[in-house]
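As provided, upload_12.csv (CSV, C-alpha atoms) reads as follows.
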```
chain,number,residue,atom,x,y,z
A,1,ILE,CA,-79.9,-147.6,-178.0
A,2,ILE,CA,-79.4,-149.5,-181.3
A,3,LEU,CA,-78.3,-153.1,-181.0
A,4,THR,CA,-76.1,-154.3,-183.9
A,5,MET,CA,-75.6,-158.0,-184.5
A,6,ASN,CA,-73.4,-160.0,-186.8
A,7,GLN,CA,-74.8,-162.8,-189.0
A,8,ASP,CA,-73.6,-165.6,-186.7
A,9,LEU,CA,-75.4,-164.1,-183.7
A,10,LYS,CA,-78.6,-163.6,-185.7
A,11,ASP,CA,-78.5,-167.3,-186.8
A,12,ARG,CA,-78.0,-168.5,-183.2
A,13,LEU,CA,-80.8,-166.3,-182.0
A,14,GLY,CA,-83.1,-167.6,-184.7
A,15,LYS,CA,-82.8,-171.1,-183.3
A,16,LEU,CA,-84.0,-170.1,-179.8
A,17,SER,CA,-87.6,-170.0,-178.6
A,18,PRO,CA,-89.3,-166.6,-178.7
A,19,GLU,CA,-89.1,-166.4,-174.9
A,20,LYS,CA,-85.4,-167.2,-174.8
A,21,ARG,CA,-84.7,-164.9,-177.7
A,22,GLN,CA,-86.3,-162.0,-175.9
A,23,LEU,CA,-84.3,-162.7,-172.7
A,24,VAL,CA,-81.0,-162.8,-174.6
A,25,LEU,CA,-81.9,-159.5,-176.4
A,26,LYS,CA,-82.7,-157.9,-173.1
A,27,LYS,CA,-79.4,-158.9,-171.6
A,28,LEU,CA,-77.5,-157.7,-174.7
A,29,ARG,CA,-79.3,-154.3,-174.5
A,30,GLU,CA,-78.5,-154.0,-170.8
A,31,GLN,CA,-74.8,-154.8,-171.5
A,32,GLN,CA,-74.7,-152.2,-174.3
A,33,ALA,CA,-76.3,-149.6,-172.1
A,34,SER,CA,-73.8,-150.2,-169.4
A,35,THR,CA,-70.9,-149.9,-171.8
A,36,ALA,CA,-72.2,-146.6,-173.3
A,37,SER,CA,-72.7,-145.2,-169.8
A,38,GLU,CA,-69.0,-146.0,-168.9
A,39,ASN,CA,-67.8,-144.4,-172.1
A,40,ASN,CA,-69.7,-141.3,-171.4
A,41,ALA,CA,-68.3,-141.1,-167.9
A,42,ASP,CA,-64.8,-141.4,-169.3
A,43,LEU,CA,-65.5,-138.6,-171.8
A,44,ALA,CA,-66.8,-136.4,-168.9
A,45,THR,CA,-63.6,-136.8,-166.9
A,46,GLN,CA,-61.2,-136.2,-169.8
A,47,VAL,CA,-59.0,-133.1,-169.3
A,48,ILE,CA,-58.2,-130.9,-172.2
A,49,GLU,CA,-54.5,-130.1,-171.9
A,50,VAL,CA,-53.1,-126.7,-172.8
A,51,ALA,CA,-51.3,-126.7,-176.1
A,52,ASP,CA,-47.6,-126.1,-176.0
A,53,ARG,CA,-47.2,-122.5,-176.9
A,54,SER,CA,-43.5,-123.0,-177.8
A,55,LYS,CA,-44.7,-124.8,-180.9
A,56,ALA,CA,-46.6,-123.6,-184.0
A,57,ILE,CA,-50.3,-124.1,-183.3
A,58,PRO,CA,-52.2,-125.2,-186.5
A,59,LEU,CA,-55.4,-123.5,-187.7
A,60,SER,CA,-58.7,-125.2,-187.5
A,61,TYR,CA,-60.3,-126.3,-190.8
A,62,ALA,CA,-62.6,-123.2,-190.8
A,63,GLN,CA,-59.6,-120.9,-190.1
A,64,GLN,CA,-57.6,-122.5,-192.8
A,65,ARG,CA,-60.3,-121.8,-195.3
A,66,LEU,CA,-60.6,-118.2,-194.3
A,67,TRP,CA,-56.8,-117.8,-194.3
A,68,LEU,CA,-56.6,-119.2,-197.8
A,69,LEU,CA,-59.4,-116.9,-199.1
A,70,HIS,CA,-57.6,-114.0,-197.6
A,71,GLN,CA,-54.5,-114.9,-199.5
A,72,ILE,CA,-56.5,-114.9,-202.7
A,73,ASP,CA,-58.2,-111.6,-202.1
A,74,GLY,CA,-56.6,-109.9,-199.0
A,75,HIS,CA,-58.5,-106.6,-199.7
A,76,SER,CA,-61.9,-108.2,-199.4
A,77,ALA,CA,-64.1,-107.2,-196.5
A,78,GLN,CA,-66.5,-110.1,-197.0
A,79,TYR,CA,-65.4,-111.8,-193.8
A,80,ASN,CA,-65.5,-108.7,-191.6
A,81,GLU,CA,-67.8,-109.0,-188.6
A,82,PHE,CA,-68.9,-105.4,-188.2
A,83,SER,CA,-71.6,-104.0,-185.8
A,84,ALA,CA,-72.7,-100.6,-184.8
A,85,GLN,CA,-74.5,-100.0,-181.4
A,86,HIS,CA,-76.4,-96.9,-180.5
A,87,ILE,CA,-76.1,-96.2,-176.8
A,88,SER,CA,-78.5,-93.9,-175.0
A,89,GLY,CA,-77.6,-92.4,-171.6
A,90,SER,CA,-74.3,-91.3,-170.0
A,91,LEU,CA,-71.4,-93.5,-171.0
A,92,ASN,CA,-68.2,-93.8,-169.0
A,93,ILE,CA,-65.7,-94.2,-171.9
A,94,GLU,CA,-62.7,-94.9,-169.6
A,95,ALA,CA,-64.7,-97.7,-167.9
A,96,LEU,CA,-65.7,-99.1,-171.3
A,97,LYS,CA,-62.1,-99.1,-172.4
A,98,VAL,CA,-61.1,-101.0,-169.3
A,99,ALA,CA,-63.9,-103.5,-169.9
A,100,ILE,CA,-62.8,-104.0,-173.5
A,101,ASP,CA,-59.2,-104.5,-172.4
A,102,SER,CA,-60.3,-107.1,-169.9
A,103,LEU,CA,-62.4,-108.9,-172.5
A,104,VAL,CA,-59.4,-109.1,-174.8
A,105,GLU,CA,-57.3,-110.4,-171.9
A,106,ARG,CA,-59.9,-113.1,-171.1
A,107,HIS,CA,-60.1,-114.4,-174.7
A,108,GLU,CA,-56.7,-115.4,-176.2
A,109,ILE,CA,-58.2,-115.6,-179.7
A,110,LEU,CA,-58.8,-111.8,-179.7
A,111,ARG,CA,-55.0,-111.3,-179.3
A,112,THR,CA,-54.1,-113.8,-182.0
A,113,CYS,CA,-52.7,-113.2,-185.5
A,114,PHE,CA,-52.0,-115.7,-188.3
A,115,PRO,CA,-48.5,-115.5,-189.8
A,116,SER,CA,-47.1,-118.3,-191.9
A,117,LEU,CA,-43.9,-120.4,-192.0
A,118,ASP,CA,-42.8,-121.8,-195.4
A,119,GLY,CA,-46.3,-121.0,-196.6
A,120,VAL,CA,-48.1,-122.9,-193.8
A,121,PRO,CA,-50.2,-120.6,-191.5
A,122,TYR,CA,-50.2,-121.0,-187.7
A,123,GLN,CA,-51.7,-119.2,-184.7
A,124,LYS,CA,-49.5,-116.7,-182.9
A,125,PHE,CA,-51.1,-116.1,-179.6
A,126,GLY,CA,-50.5,-112.6,-178.2
A,127,GLY,CA,-48.9,-111.6,-181.5
A,128,ALA,CA,-51.6,-109.1,-182.5
A,129,GLY,CA,-50.8,-106.9,-179.5
A,130,LYS,CA,-53.4,-104.4,-178.3
A,131,LEU,CA,-56.6,-103.9,-180.2
A,132,PHE,CA,-57.2,-100.7,-182.2
A,133,PHE,CA,-59.3,-98.3,-180.0
A,134,GLN,CA,-60.3,-94.8,-181.0
A,135,CYS,CA,-62.7,-92.2,-179.5
A,136,THR,CA,-64.1,-89.3,-181.4
A,137,ASP,CA,-66.1,-86.6,-179.7
A,138,PHE,CA,-68.5,-84.9,-182.1
A,139,SER,CA,-70.2,-83.0,-179.2
A,140,VAL,CA,-67.4,-80.4,-178.8
A,141,GLU,CA,-66.9,-79.4,-182.4
A,142,ASP,CA,-66.6,-75.6,-182.9
A,143,ASP,CA,-69.0,-75.9,-185.7
A,144,ALA,CA,-71.4,-78.3,-184.2
A,145,LEU,CA,-73.1,-80.6,-186.7
A,146,ASP,CA,-76.9,-80.9,-186.6
A,147,SER,CA,-78.5,-84.3,-186.1
A,148,ASP,CA,-79.0,-85.1,-189.8
A,149,GLU,CA,-75.3,-84.2,-190.6
A,150,LYS,CA,-74.1,-86.4,-187.7
A,151,LEU,CA,-76.2,-89.4,-189.0
A,152,ASN,CA,-75.0,-88.9,-192.5
A,153,LEU,CA,-71.4,-88.7,-191.3
A,154,LEU,CA,-71.8,-91.8,-189.2
A,155,ALA,CA,-73.3,-93.7,-192.1
A,156,THR,CA,-70.2,-92.9,-194.2
A,157,LEU,CA,-67.8,-93.8,-191.3
A,158,ALA,CA,-69.7,-97.1,-190.8
A,159,GLU,CA,-69.3,-98.0,-194.4
A,160,GLU,CA,-65.6,-97.2,-194.4
A,161,GLU,CA,-65.0,-99.2,-191.3
A,162,SER,CA,-67.0,-102.2,-192.5
A,163,LEU,CA,-64.7,-102.3,-195.6
A,164,PHE,CA,-61.5,-102.2,-193.6
A,165,SER,CA,-58.9,-104.7,-194.8
A,166,PHE,CA,-57.4,-106.6,-191.8
A,167,ASP,CA,-53.8,-107.8,-191.8
A,168,LEU,CA,-54.1,-111.5,-190.7
A,169,GLU,CA,-50.3,-111.8,-190.5
A,170,SER,CA,-49.7,-109.2,-187.7
A,171,GLY,CA,-53.2,-107.9,-186.6
A,172,PRO,CA,-54.8,-106.6,-184.6
A,173,LEU,CA,-58.0,-108.3,-185.7
A,174,VAL,CA,-60.3,-106.3,-183.4
A,175,ARG,CA,-61.1,-102.6,-184.0
A,176,VAL,CA,-63.2,-100.4,-181.7
A,177,HIS,CA,-64.5,-96.9,-182.5
A,178,ILE,CA,-66.5,-94.7,-180.2
A,179,TYR,CA,-68.3,-91.7,-181.5
A,180,LYS,CA,-69.7,-89.4,-178.8
A,181,LEU,CA,-72.6,-87.4,-180.3
A,182,SER,CA,-73.7,-85.7,-177.0
A,183,ASP,CA,-73.5,-86.3,-173.3
A,184,GLU,CA,-76.4,-88.8,-173.7
A,185,GLN,CA,-75.9,-90.3,-177.1
A,186,THR,CA,-72.9,-92.5,-178.2
A,187,VAL,CA,-72.4,-94.8,-181.2
A,188,LEU,CA,-70.0,-97.8,-180.8
A,189,PHE,CA,-68.4,-99.5,-183.8
A,190,ILE,CA,-66.9,-103.0,-183.3
A,191,ASN,CA,-65.1,-104.7,-186.2
A,192,MET,CA,-63.5,-108.1,-186.1
A,193,HIS,CA,-62.3,-110.6,-188.7
A,194,HIS,CA,-64.4,-113.8,-189.0
A,195,ILE,CA,-61.2,-115.9,-188.5
A,196,ILE,CA,-61.4,-115.0,-184.7
A,197,CYS,CA,-65.1,-114.9,-184.2
A,198,ASP,CA,-68.6,-116.0,-185.4
A,199,GLY,CA,-72.2,-115.2,-184.6
A,200,TRP,CA,-72.2,-117.4,-181.5
A,201,SER,CA,-68.9,-116.1,-180.0
A,202,THR,CA,-69.8,-112.5,-180.8
A,203,ALA,CA,-72.9,-112.9,-178.7
A,204,VAL,CA,-70.7,-114.2,-175.9
A,205,TYR,CA,-68.3,-111.3,-176.2
A,206,VAL,CA,-71.1,-108.7,-176.1
A,207,ALA,CA,-72.7,-110.3,-173.0
A,208,GLU,CA,-69.3,-110.4,-171.2
A,209,LEU,CA,-68.5,-106.8,-172.2
A,210,LEU,CA,-71.7,-105.6,-170.7
A,211,SER,CA,-71.0,-107.6,-167.5
A,212,LEU,CA,-67.4,-106.2,-167.3
A,213,TYR,CA,-68.6,-102.6,-167.9
A,214,GLN,CA,-71.2,-102.8,-165.2
```
Would you mind writing the file out in structure tokens?
Amino acid sequence: IILTMNQDLKDRLGKLSPEKRQLVLKKLREQQASTASENNADLATQVIEVADRSKAIPLSYAQQRLWLLHQIDGHSAQYNEFSAQHISGSLNIEALKVAIDSLVERHEILRTCFPSLDGVPYQKFGGAGKLFFQCTDFSVEDDALDSDEKLNLLATLAEEESLFSFDLESGPLVRVHIYKLSDEQTVLFINMHHIICDGWSTAVYVAELLSLYQ
């Protein structure tokens, strides 16, 4: 705890004996500690009210920056959050789709798009609709690809997806591709725009998705 004093208090303390000065400082510190504790208790009991969805909800400062950069160069993929996951073992694709839908339902930001009114952007919750979800089965091709060909094709598809240009105005801002290579091998692409996620939130999404799938 840092004790701050004005000049008048310092002058008055300077006139006291060392013993009395220490006693007064001790009382002041105890009083300051008590006040700080009460303030912390007040903060702990504050309730965050739900914003009125009938009104335009402004963007955060970070979202404003990303929205402005998107207006300057809307075709840039610099702020795409793309990941590719290799999954070994049998994958229940229908269960994964249900888990992804549940995740999107749990997190409002994943259903949000960012239109503008008179040049001012706002958050439109639920406006993005359903996320883009596609499943491609490479294991049942008539002319089955060998392992190297599948890897080369996946590399090309990953590059194309990572460069996808999102439409912030209408969304969706989440894209999921599943590529089934065999009964035991699957690759999962997830692509989101940075305006709705960051490294920390992405880790939360992945953890929740695994929990929902299981």
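The residue that comes closest to Gln134 of chain A, out of A:His86, A:Lys97, A:Lys55, A:Lys150 and on the basis of all atoms listed in the file, is A:Lys97.
Closest approach to Ser60 of chain A among A:Ser139, A:Lys26, A:Gly171, A:Phe114: A:Phe114, based on all atoms listed in the file.
The space between atom CA of Glu105 of chain A and atom CA of Ser170 of chain A spans 17.6 Å.
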Nearest to Asp52 of chain A among A:Ala128, A:Glu149, A:Gln123, A:Lys20, with distances taken over all atoms listed in the file: which residue is it? A:Gln123
Could you work out how far atom CA of Arg106 of chain A lies from atom CA of Ser76 of chain A, giving the answer in Å with one decimal? 28.8 Å
Taken to one decimal, the atom CA of Asn80 of chain A-atom CA of Ala155 of chain A distance is 16.9 Å
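Close contacts of Ile190 of chain A, defined as residues with an atom at most 6 Å away when counting only C-alpha atoms, with chain neighbours fewer than 2 positions off set aside, comprise A:Phe82, A:Ser83, A:Arg175, A:Val176.
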Go ahead and write the selection's residues with C-alpha atoms as a CSV table (one decimal), in the frame of the given file.
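Final output, saved to out.csv:
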```
chain,number,residue,atom,x,y,z
A,82,PHE,CA,-68.9,-105.4,-188.2
A,83,SER,CA,-71.6,-104.0,-185.8
A,175,ARG,CA,-61.1,-102.6,-184.0
A,176,VAL,CA,-63.2,-100.4,-181.7
```
Can you find the residues with an atom no farther than 12 Å from (-57.4, -91.6, -180.4), counting only C-alpha atoms, and report them as JSON, numbers by chain? {"A": [97, 132, 133, 134, 135, 136, 137, 176, 177, 178, 179]}
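Take the candidates A:Ala84, A:Val98, A:Ala203, A:Leu66 and check each one against Ala158 of chain A using all atoms listed in the file; the shortest distance goes to A:Ala84.
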Within 12 Å of Gln71 of chain A, counting all atoms listed in the file, which residues show up once you throw out same-chain ones fewer than 4 positions away? Write them as a count of residues only, please. 16
Skip Thr112 of chain A itself and residues of its chain fewer than 2 positions away, then list as number ranges by chain all residues within 8 Å of it, counting all atoms listed in the file. A: 108-110, 114, 123-128, 171-173, 196
Excluding Asn92 of chain A and its own-chain neighbours fewer than 6 positions away, which residues fall within 12 Å of it when counting only C-alpha atoms? Please give them as a count of residues only. 11
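Shortest separation to His193 of chain A among A:Ser17, A:Ser54, A:Ser102, A:Gln78 occurs at residue A:Gln78, atoms counted being all atoms listed in the file.
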